[in-house]
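Q: Could you have a look at this structure, given as structure tokens, before my questions?
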Amino acid sequence: MKEAGVDVAATASASPTRATVEGRVLLSRHGICTTFGVGRATAERWWRHRATNGHPAVAWQQGRRQWWDEQAMRTFVNDLAASPPDRLDDDEETVLTRAALARRFHVSVQHLANLYSARDDTGHPRPARRIGRHLYWSLGEMDSWWQHREATKRDSLTSVDHSGNGDDLLTLDQAAAVLGYTDASVIRGYLARSPGYFPRPDWTDPHGRRHYLRRTVWAFADSRTRPGRAGRPRPGAPG
């Protein structure tokens, strides 16, 4: 149909999705949803956060119905799918992607993903926003959760023996004693299951036994990211 020099293509439900204005193809919000395969709530959220996500401006308005340039929308949607902004700021809150949060907390993206997967146990907050397939979390909520988690973790760390000379060379059992473990089983577990978490030995003897400088063990204790455990007592050792 024609209206004021504008060609409008209507669907069977009489809900126009496309218009041509001066050679430009425009999409209504319904047209955006059908063209890009998103729900109305997503399209409205894109528009609501246009100040920070780069959503194109309205190209034409027909009464209360708004229309957007199709090519500009394609560029916008492709940009969202390719490389979402790590941070969005508006009057309500600041939200970050998981990658941005991982950098903020100095952990891996996979570590945060694991904490989120186990959120019933870890208390990891739920996403505050979704843009396409990309999730964002509230900065304030995540900071509060992380600080509480780290405080709880610090309270559960074993006590460290800071006596002695930093240049002393320790066996694995002696290093475990410095860290407050019953024996070296915890350290061996780190070495076997979490490569890179426990430091490399400062010296390995001809029999393959690892030795660590006392200061290396202290540095590890100061940077621990996991709750300390007393380890498994040796058979016959007191409880």
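A note on labels: chains of the structure tokens are A, B, ... as shown, every chain counts residues from 1, and ligands are counted from 1 in their shown order.
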Any chance you could list, as a PyMOL selection string, the residues in segment 5-238 of chain A that come up strand (DSSP E or B) when DSSP is run on the backbone?

A: chain A and resi 6-9+18-21+24-28+60-62+65-69+87-89+94-96+129-131+134-138+169-171+203-204+210-213

Q: Find the residues around segment 86-102 of chain A up to 12 Å (only C-alpha atoms counted), leave out those fewer than 6 positions away in its own chain, and share them as a PDB file with C-alpha atoms, in the first residue's frame.

A:
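Output contents, as saved in around.pdb:
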```pdb
ATOM      1  CA  TRP A  46      18.145  -2.706  22.817  1.00  0.00           C
ATOM      2  CA  ARG A  48      15.981   1.336  25.967  1.00  0.00           C
ATOM      3  CA  HIS A  49      19.764   1.156  26.369  1.00  0.00           C
ATOM      4  CA  ARG A  50      20.567   3.013  23.148  1.00  0.00           C
ATOM      5  CA  ALA A  51      22.671   5.589  25.018  1.00  0.00           C
ATOM      6  CA  THR A  52      25.318   2.960  25.739  1.00  0.00           C
ATOM      7  CA  ASN A  53      24.908   0.190  23.166  1.00  0.00           C
ATOM      8  CA  GLY A  54      24.956   2.166  19.904  1.00  0.00           C
ATOM      9  CA  LEU A  80      26.530  -7.036  19.135  1.00  0.00           C
ATOM     10  CA  SER A 108      40.026 -16.834  34.542  1.00  0.00           C
ATOM     11  CA  VAL A 109      36.769 -16.569  32.618  1.00  0.00           C
ATOM     12  CA  GLN A 110      36.324 -20.326  33.061  1.00  0.00           C
ATOM     13  CA  HIS A 111      36.663 -19.990  36.839  1.00  0.00           C
ATOM     14  CA  LEU A 112      33.807 -17.471  36.928  1.00  0.00           C
ATOM     15  CA  ALA A 113      31.770 -19.665  34.576  1.00  0.00           C
ATOM     16  CA  ASN A 114      32.245 -22.599  36.946  1.00  0.00           C
ATOM     17  CA  LEU A 115      31.153 -20.506  39.921  1.00  0.00           C
ATOM     18  CA  TYR A 116      28.060 -19.431  37.990  1.00  0.00           C
ATOM     19  CA  HIS A 124      26.920 -16.255  42.295  1.00  0.00           C
ATOM     20  CA  PRO A 125      24.469 -13.491  41.275  1.00  0.00           C
ATOM     21  CA  ARG A 126      22.246 -13.969  38.254  1.00  0.00           C
ATOM     22  CA  PRO A 127      22.747 -11.802  35.154  1.00  0.00           C
ATOM     23  CA  ALA A 128      21.301  -8.317  35.326  1.00  0.00           C
ATOM     24  CA  ARG A 129      20.926  -7.963  31.568  1.00  0.00           C
ATOM     25  CA  ARG A 130      21.084  -9.903  28.329  1.00  0.00           C
ATOM     26  CA  ILE A 131      21.871  -8.363  24.949  1.00  0.00           C
ATOM     27  CA  ARG A 133      23.323 -13.961  23.543  1.00  0.00           C
ATOM     28  CA  HIS A 134      25.614 -11.879  25.741  1.00  0.00           C
ATOM     29  CA  LEU A 135      25.121 -11.704  29.499  1.00  0.00           C
ATOM     30  CA  TYR A 136      25.936  -8.806  31.815  1.00  0.00           C
ATOM     31  CA  TRP A 137      26.136  -8.714  35.596  1.00  0.00           C
ATOM     32  CA  SER A 138      25.585  -5.785  37.948  1.00  0.00           C
ATOM     33  CA  LEU A 139      28.951  -4.353  38.981  1.00  0.00           C
ATOM     34  CA  GLY A 140      27.718  -3.430  42.457  1.00  0.00           C
ATOM     35  CA  GLU A 141      26.137  -6.826  43.069  1.00  0.00           C
ATOM     36  CA  MET A 142      29.171  -8.733  41.807  1.00  0.00           C
ATOM     37  CA  ASP A 143      31.621  -6.625  43.826  1.00  0.00           C
ATOM     38  CA  TRP A 146      33.097 -11.279  45.512  1.00  0.00           C
TER      39      TRP A 146
END
```

Q: Please measure the separation of atom CA of Met73 of chain A and atom CA of Ala41 of chain A, giving the value in Å to one decimal.

A: 16.3 Å

Q: Would you please work out which residue, of A:Leu191, A:Ala219, A:Ala184, A:Leu172, is nearest to Val160 of chain A when using only C-alpha atoms?

A: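 The shortest atom-to-atom distance to Val160 of chain A comes from A:Ala219.
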
Q: Residues within 10 Å of Thr216 of chain A, please, as a VMD selection string. Count only C-alpha atoms; anything in the same chain fewer than 4 positions from it doesn't count.

A: chain A and resid 166 to 170 175 198 to 202 212 220 to 221

Q: Could you state the separation of atom CA of Thr122 of chain A and atom CA of Thr158 of chain A in Å, given to one decimal place?

A: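 Taking atom CA of Thr122 of chain A and atom CA of Thr158 of chain A, their separation equals 20.7 Å.
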
Q: Considering only C-alpha atoms, state which residue in the set A:Arg29, A:Arg188, A:His106, A:His211 is at the smallest distance from Arg45 of chain A.

A: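 With only C-alpha atoms as the atom set, the closest residue is A:Arg29.
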
Q: Any chance you could list, as JSON, numbers by chain, the residues in segment 20-150 of chain A that come up alpha helix (DSSP H) when DSSP is run on the backbone?

A: {"A": [29, 30, 31, 32, 33, 34, 35, 36, 40, 41, 42, 43, 44, 45, 46, 47, 48, 50, 51, 52, 53, 70, 71, 72, 73, 74, 75, 76, 77, 78, 79, 80, 81, 82, 98, 99, 100, 101, 102, 103, 104, 105, 109, 110, 111, 112, 113, 114, 115, 116, 117, 119, 120, 121, 122, 139, 140, 141, 142, 143, 144, 145, 146, 147, 148, 149, 150]}

Q: Quick one: distance from atom CA of Gln147 of chain A to atom CA of Gly180 of chain A in Å, one decimal?

A: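 For atom CA of Gln147 of chain A relative to atom CA of Gly180 of chain A, the distance reads 24.3 Å.
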
Q: Which is closest to Asp222 of chain A among A:Leu157, A:Cys33, A:Leu27, A:Ala177, if we use only C-alpha atoms?

A: A:Leu157
